[in-house]
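> One structure follows; several queries about it will come next.
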Amino acid sequence: MKKLPPTGTVEVAPSILSADFSSLSEHISQIESCVNILHIDVMDGHFVPNISFGPVVIKKIRPHSKLFFDTHLMISEPAKYADEFVKAGSDNITFHLEAVSDPAEVIKVIRDLGVSVGISIKPKTPVESLESVIADVDMVLLMTVEPGFGGQSFIPESVERCQQLKKMLRPDQRLEVDGGIDCDTAPKIVAAGADTLVAGSAVFAQKEPAKAVQDIQKAAAVLT
């Protein structure tokens, strides 16, 4: 399994939720040379009000990409299905705090699969709710829109929440943000402490996805 990029860099992680599924491999290849992480949003229609795709899609695209597969499980019972996503080729599994009763046990289950672990919270979940388990994950994913749909607008209060989370993390832990990230919001959220920027429509809905990535990198004053 691949490892998350070490902290100290700002990474743009394009989300394939906004890619063209009729030519997914080709769409991913367009951004392969300018990013290190590919973000994969999995939705089950239960935890969030939408359905995306499952392990089969990941298994199909894995042979065509060397990128780090960052899989975000917006699903109920993540511990039950994590193994399938790892076998399909995921390098990181992020689950939602709100979806489980025992986050520490879910972290252990995922860790035992040999991949890195992330934990995510929705915009209305207090950041303090992560205190008991935040030391045990490799990355925290702060949702900056309500999970379930792409193309939403960035929630301004996310900047302050990001600042709070950054203070809770060690230097070796990544802080990821997802939702409404583009050239306007990237500098604000990076200044607040985020170092992993998930961008969907701001990348794959553009005519030139690679240029869109580079524009976000420049806006955030970084080159990955």
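Labels for the structure tokens follow display order: chains A, B, ..., residues from 1 in each chain, ligands from 1.
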List as a VMD selection string the protein and nucleic acid residues near A:His72, meaning an atom at most 6 Å away when only C-alpha atoms are counted, but skip any in the same chain fewer than 6 places from it.

chain A and resid 40 to 42 94

> I need the residues from that last selection saved to file as a short mmCIF file (atom, residue, chain, number, x, y, z; two decimals), in the first residue's frame (with N, CA and C atoms), if you can.


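Here's the written file selection.cif:
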```cif
data_model
loop_
_atom_site.label_atom_id
_atom_site.label_comp_id
_atom_site.auth_asym_id
_atom_site.auth_seq_id
_atom_site.Cartn_x
_atom_site.Cartn_y
_atom_site.Cartn_z
N ILE A 40 -11.71 9.66 -3.54
CA ILE A 40 -12.78 8.78 -4.02
C ILE A 40 -13.94 8.82 -3.01
N ASP A 41 -15.02 9.47 -3.41
CA ASP A 41 -16.18 9.64 -2.53
C ASP A 41 -17.16 8.48 -2.72
N VAL A 42 -17.40 7.74 -1.65
CA VAL A 42 -18.32 6.61 -1.68
C VAL A 42 -19.55 6.94 -0.85
N THR A 94 -11.20 6.71 5.00
CA THR A 94 -11.74 7.71 5.92
C THR A 94 -13.20 7.40 6.17
#
```

> As an MDAnalysis selection string, please: every residue in stretch 4-201 of chain A that DSSP puts in strand (DSSP E or B).

chainID A and resid 7 9 11:15 37:44 51 68:74 92:96 116:121 139:143 174:178 196:199

> Can you tell me, as a PyMOL selection string, what residues are no more than 8 Å from A:Leu142 when counting only C-alpha atoms, ignoring any on the same chain fewer than 3 positions away?

chain A and resi 120-123+162+175-178

> Take the selection from the previous step and output its residues with N, CA and C atoms, as an mmCIF file, in the first residue's frame.


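Okay, selection_4.cif is ready:
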```cif
data_model
loop_
_atom_site.group_PDB
_atom_site.id
_atom_site.type_symbol
_atom_site.label_atom_id
_atom_site.label_comp_id
_atom_site.auth_asym_id
_atom_site.auth_seq_id
_atom_site.Cartn_x
_atom_site.Cartn_y
_atom_site.Cartn_z
ATOM 1 N N SER A 120 -13.746 11.705 9.576
ATOM 2 C CA SER A 120 -14.380 12.910 9.039
ATOM 3 C C SER A 120 -15.550 13.347 9.910
ATOM 4 N N ILE A 121 -15.808 14.656 9.883
ATOM 5 C CA ILE A 121 -16.995 15.189 10.560
ATOM 6 C C ILE A 121 -17.754 16.126 9.631
ATOM 7 N N LYS A 122 -19.058 16.137 9.805
ATOM 8 C CA LYS A 122 -19.937 17.014 9.041
ATOM 9 C C LYS A 122 -19.823 18.453 9.556
ATOM 10 N N PRO A 123 -20.335 19.415 8.784
ATOM 11 C CA PRO A 123 -20.205 20.829 9.170
ATOM 12 C C PRO A 123 -20.825 21.197 10.519
ATOM 13 N N CYS A 162 -11.548 24.883 10.916
ATOM 14 C CA CYS A 162 -10.257 24.372 10.478
ATOM 15 C C CYS A 162 -9.141 24.822 11.422
ATOM 16 N N LEU A 175 -4.555 17.482 7.631
ATOM 17 C CA LEU A 175 -5.879 18.081 7.798
ATOM 18 C C LEU A 175 -6.463 18.324 6.411
ATOM 19 N N GLU A 176 -7.457 17.529 6.082
ATOM 20 C CA GLU A 176 -8.082 17.558 4.765
ATOM 21 C C GLU A 176 -9.400 18.326 4.829
ATOM 22 N N VAL A 177 -9.733 19.008 3.747
ATOM 23 C CA VAL A 177 -11.019 19.698 3.652
ATOM 24 C C VAL A 177 -11.688 19.302 2.346
ATOM 25 N N ASP A 178 -13.007 19.253 2.383
ATOM 26 C CA ASP A 178 -13.754 18.761 1.221
ATOM 27 C C ASP A 178 -15.060 19.528 1.091
#
```

> Write down as a VMD selection string the residues belonging to chain A that are assigned alpha helix (DSSP H) by DSSP computed on the backbone.

chain A and resid 24 to 29 55 to 61 78 to 88 103 to 111 158 to 168 186 to 191 201 to 204 209 to 219

> Could you tell me which of A:Val10, A:Val145, A:Ala212, A:Ala88 comes closest to A:Thr71 if we count only C-alpha atoms?

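Counting only C-alpha atoms, the residue closest to A:Thr71 is A:Ala88.
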
> Between A:His46, A:Lys66, A:His39, A:Lys80, which one has atoms that come closest to A:Asn92, using only C-alpha atoms?

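With only C-alpha atoms as the atom set, the closest residue is A:His39.
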
> Would you list the contacts of A:Gly179 as a list in words, taking every protein, DNA or RNA residue within 9 Å and counting only C-alpha atoms, but skipping same-chain residues closer than 3 positions in sequence?

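Skipping anything fewer than 3 positions along the chain leaves Leu142, Met143, Thr144, Val145, Glu146, Pro147, Gly150, Gly151, Gln152, Ser153, Phe154, Ile155, Leu197, Val198, Ala199 and Gly200 of chain A.
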
> Let me see the file: selected residues, C-alpha atoms, as a PDB file, in the first residue's frame.


```pdb
ATOM      1  CA  LEU A 142     -13.344  18.429   7.719  1.00  0.00           C
ATOM      2  CA  MET A 143     -16.415  18.638   5.524  1.00  0.00           C
ATOM      3  CA  THR A 144     -16.834  22.217   4.331  1.00  0.00           C
ATOM      4  CA  VAL A 145     -20.224  21.429   2.774  1.00  0.00           C
ATOM      5  CA  GLU A 146     -22.941  18.982   3.787  1.00  0.00           C
ATOM      6  CA  PRO A 147     -21.843  15.553   2.522  1.00  0.00           C
ATOM      7  CA  GLY A 150     -20.952  17.631  -5.349  1.00  0.00           C
ATOM      8  CA  GLY A 151     -20.920  21.240  -6.517  1.00  0.00           C
ATOM      9  CA  GLN A 152     -22.006  22.866  -3.242  1.00  0.00           C
ATOM     10  CA  SER A 153     -20.797  26.245  -1.961  1.00  0.00           C
ATOM     11  CA  PHE A 154     -18.101  26.442   0.712  1.00  0.00           C
ATOM     12  CA  ILE A 155     -19.457  27.131   4.230  1.00  0.00           C
ATOM     13  CA  LEU A 197      -7.611  20.083  -0.541  1.00  0.00           C
ATOM     14  CA  VAL A 198     -10.318  17.948  -2.112  1.00  0.00           C
ATOM     15  CA  ALA A 199     -11.602  19.579  -5.280  1.00  0.00           C
ATOM     16  CA  GLY A 200     -14.282  18.043  -7.463  1.00  0.00           C
TER      17      GLY A 200
END
```

> Excluding A:Leu130 and residues on its chain fewer than 3 positions from it, collect all residues at most 10 Å away from it, counting only C-alpha atoms, and give them as JSON, numbers by chain.

{"A": [97, 103, 119, 120, 121, 125, 126, 127, 133, 134, 135, 140, 165, 168]}

> Those same residues, written as an mmCIF file, in the first residue's frame with C-alpha atoms?


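Output below, filename selection.cif:
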```cif
data_model
loop_
_atom_site.group_PDB
_atom_site.id
_atom_site.type_symbol
_atom_site.label_atom_id
_atom_site.label_comp_id
_atom_site.auth_asym_id
_atom_site.auth_seq_id
_atom_site.Cartn_x
_atom_site.Cartn_y
_atom_site.Cartn_z
ATOM 1 C CA LEU A 97 -17.556 9.899 13.208
ATOM 2 C CA PRO A 103 -14.853 5.153 16.457
ATOM 3 C CA ILE A 119 -11.888 10.348 10.285
ATOM 4 C CA SER A 120 -14.380 12.910 9.039
ATOM 5 C CA ILE A 121 -16.995 15.189 10.560
ATOM 6 C CA THR A 125 -20.549 18.310 14.271
ATOM 7 C CA PRO A 126 -18.446 20.028 16.975
ATOM 8 C CA VAL A 127 -14.707 19.618 16.386
ATOM 9 C CA VAL A 133 -9.695 9.533 18.924
ATOM 10 C CA ILE A 134 -7.927 12.268 16.992
ATOM 11 C CA ALA A 135 -4.485 11.078 18.129
ATOM 12 C CA VAL A 140 -8.839 14.377 9.740
ATOM 13 C CA LEU A 165 -8.779 21.348 14.353
ATOM 14 C CA MET A 168 -5.657 19.610 17.980
#
```

> From the list A:Ala220, A:Ala210, A:Ala202, A:Val137, which residue is nearest A:Ser18 when using only C-alpha atoms?

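Result for the nearest residue to A:Ser18: A:Ala202.
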
> Tell me, as a list in words, which residues lie within 9 Å of A:Ile31, counting only C-alpha atoms; anything in the same chain fewer than 2 positions away does not count.

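Selected residues are Pro14, His27, Ile28, Ser29, Ser33, Cys34, Val35, Val203, Pro209, Ala210, Lys211 and Val213 of chain A.
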
> Quick one: which stretch 70-126 of chain A residues come within 9 Å of stretch 3-8 of chain A, and what is the nearest atom pair for each with the distance in Å to one decimal, counting only C-alpha atoms, rows ordered by chain and ascending number, as a Markdown table?


```
| residue | atom | partner | partner_atom | distance |
| --- | --- | --- | --- | --- |
| A:Asp70 | CA | A:Leu4 | CA | 8.7 |
| A:Asp91 | CA | A:Lys3 | CA | 7.0 |
| A:Asn92 | CA | A:Leu4 | CA | 7.9 |
| A:Val115 | CA | A:Lys3 | CA | 7.9 |
| A:Ser116 | CA | A:Lys3 | CA | 7.2 |
```

> The selected residues should be written to file as a PDB file, in the first residue's frame (atoms: C-alpha atoms).


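Contents of again15.pdb, freshly written:
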```pdb
ATOM      1  CA  ASP A  70      -7.913   8.371  -0.659  1.00  0.00           C
ATOM      2  CA  ASP A  91      -4.641   3.267   0.248  1.00  0.00           C
ATOM      3  CA  ASN A  92      -6.521   5.260   2.882  1.00  0.00           C
ATOM      4  CA  VAL A 115      -3.819   1.180   5.271  1.00  0.00           C
ATOM      5  CA  SER A 116      -3.834   4.670   6.719  1.00  0.00           C
TER       6      SER A 116
END
```

> Ranking A:Val12, A:Val56, A:Leu113, A:Ala82 by minimum distance to A:Cys183 and counting only C-alpha atoms, which one comes first?

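Looking only at the distances to A:Cys183, the closest residue turns out to be A:Val12.
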
> Find the spatial neighbours of stretch 76-78 of chain A, counting only C-alpha atoms, within a cut-off of 9 Å - ignore same-chain residues fewer than 3 positions away - and output them as a PyMOL selection string.

chain A and resi 44+46-48+73+81-82+94-96+99-100+106

> Let's have the selection written as a PDB file, in the first residue's frame, with N, CA and C atoms.


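Result file part-v7.pdb:
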```pdb
ATOM      1  N   ASP A  44     -23.730   5.801   0.114  1.00  0.00           N
ATOM      2  CA  ASP A  44     -24.580   4.608   0.130  1.00  0.00           C
ATOM      3  C   ASP A  44     -26.078   4.885   0.053  1.00  0.00           C
ATOM      4  N   HIS A  46     -27.818   5.990   2.334  1.00  0.00           N
ATOM      5  CA  HIS A  46     -28.363   5.802   3.687  1.00  0.00           C
ATOM      6  C   HIS A  46     -27.764   6.805   4.666  1.00  0.00           C
ATOM      7  N   PHE A  47     -26.437   6.782   4.785  1.00  0.00           N
ATOM      8  CA  PHE A  47     -25.782   7.778   5.650  1.00  0.00           C
ATOM      9  C   PHE A  47     -25.896   9.167   5.039  1.00  0.00           C
ATOM     10  N   VAL A  48     -25.814   9.235   3.717  1.00  0.00           N
ATOM     11  CA  VAL A  48     -26.034  10.482   2.978  1.00  0.00           C
ATOM     12  C   VAL A  48     -27.089  10.223   1.906  1.00  0.00           C
ATOM     13  N   LEU A  73     -15.458   7.137   2.900  1.00  0.00           N
ATOM     14  CA  LEU A  73     -16.672   6.346   3.045  1.00  0.00           C
ATOM     15  C   LEU A  73     -17.758   7.153   3.737  1.00  0.00           C
ATOM     16  N   TYR A  81     -17.463  -2.812   5.629  1.00  0.00           N
ATOM     17  CA  TYR A  81     -17.132  -2.779   4.204  1.00  0.00           C
ATOM     18  C   TYR A  81     -15.695  -2.346   3.896  1.00  0.00           C
ATOM     19  N   ALA A  82     -14.964  -1.897   4.911  1.00  0.00           N
ATOM     20  CA  ALA A  82     -13.612  -1.369   4.686  1.00  0.00           C
ATOM     21  C   ALA A  82     -12.715  -2.359   3.960  1.00  0.00           C
ATOM     22  N   THR A  94     -11.196   6.707   5.004  1.00  0.00           N
ATOM     23  CA  THR A  94     -11.736   7.712   5.921  1.00  0.00           C
ATOM     24  C   THR A  94     -13.204   7.396   6.170  1.00  0.00           C
ATOM     25  N   PHE A  95     -13.594   7.362   7.436  1.00  0.00           N
ATOM     26  CA  PHE A  95     -14.988   7.112   7.794  1.00  0.00           C
ATOM     27  C   PHE A  95     -15.539   8.301   8.582  1.00  0.00           C
ATOM     28  N   HIS A  96     -16.839   8.345   8.738  1.00  0.00           N
ATOM     29  CA  HIS A  96     -17.465   9.454   9.455  1.00  0.00           C
ATOM     30  C   HIS A  96     -17.703   9.122  10.919  1.00  0.00           C
ATOM     31  N   ALA A  99     -21.230   8.167  11.842  1.00  0.00           N
ATOM     32  CA  ALA A  99     -21.785   6.904  11.341  1.00  0.00           C
ATOM     33  C   ALA A  99     -21.560   5.729  12.274  1.00  0.00           C
ATOM     34  N   VAL A 100     -20.770   5.931  13.333  1.00  0.00           N
ATOM     35  CA  VAL A 100     -20.382   4.792  14.178  1.00  0.00           C
ATOM     36  C   VAL A 100     -20.602   5.096  15.650  1.00  0.00           C
ATOM     37  N   VAL A 106     -13.432   1.152  15.065  1.00  0.00           N
ATOM     38  CA  VAL A 106     -13.390   1.260  13.604  1.00  0.00           C
ATOM     39  C   VAL A 106     -11.982   1.620  13.141  1.00  0.00           C
TER      40      VAL A 106
END
```

> Which residue out of A:Val109, A:Met74, A:Ile37, A:Ile61 has the minimum interatomic distance to A:Pro49 when only C-alpha atoms are used?

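Among the listed residues, the smallest separation from A:Pro49 belongs to A:Met74.
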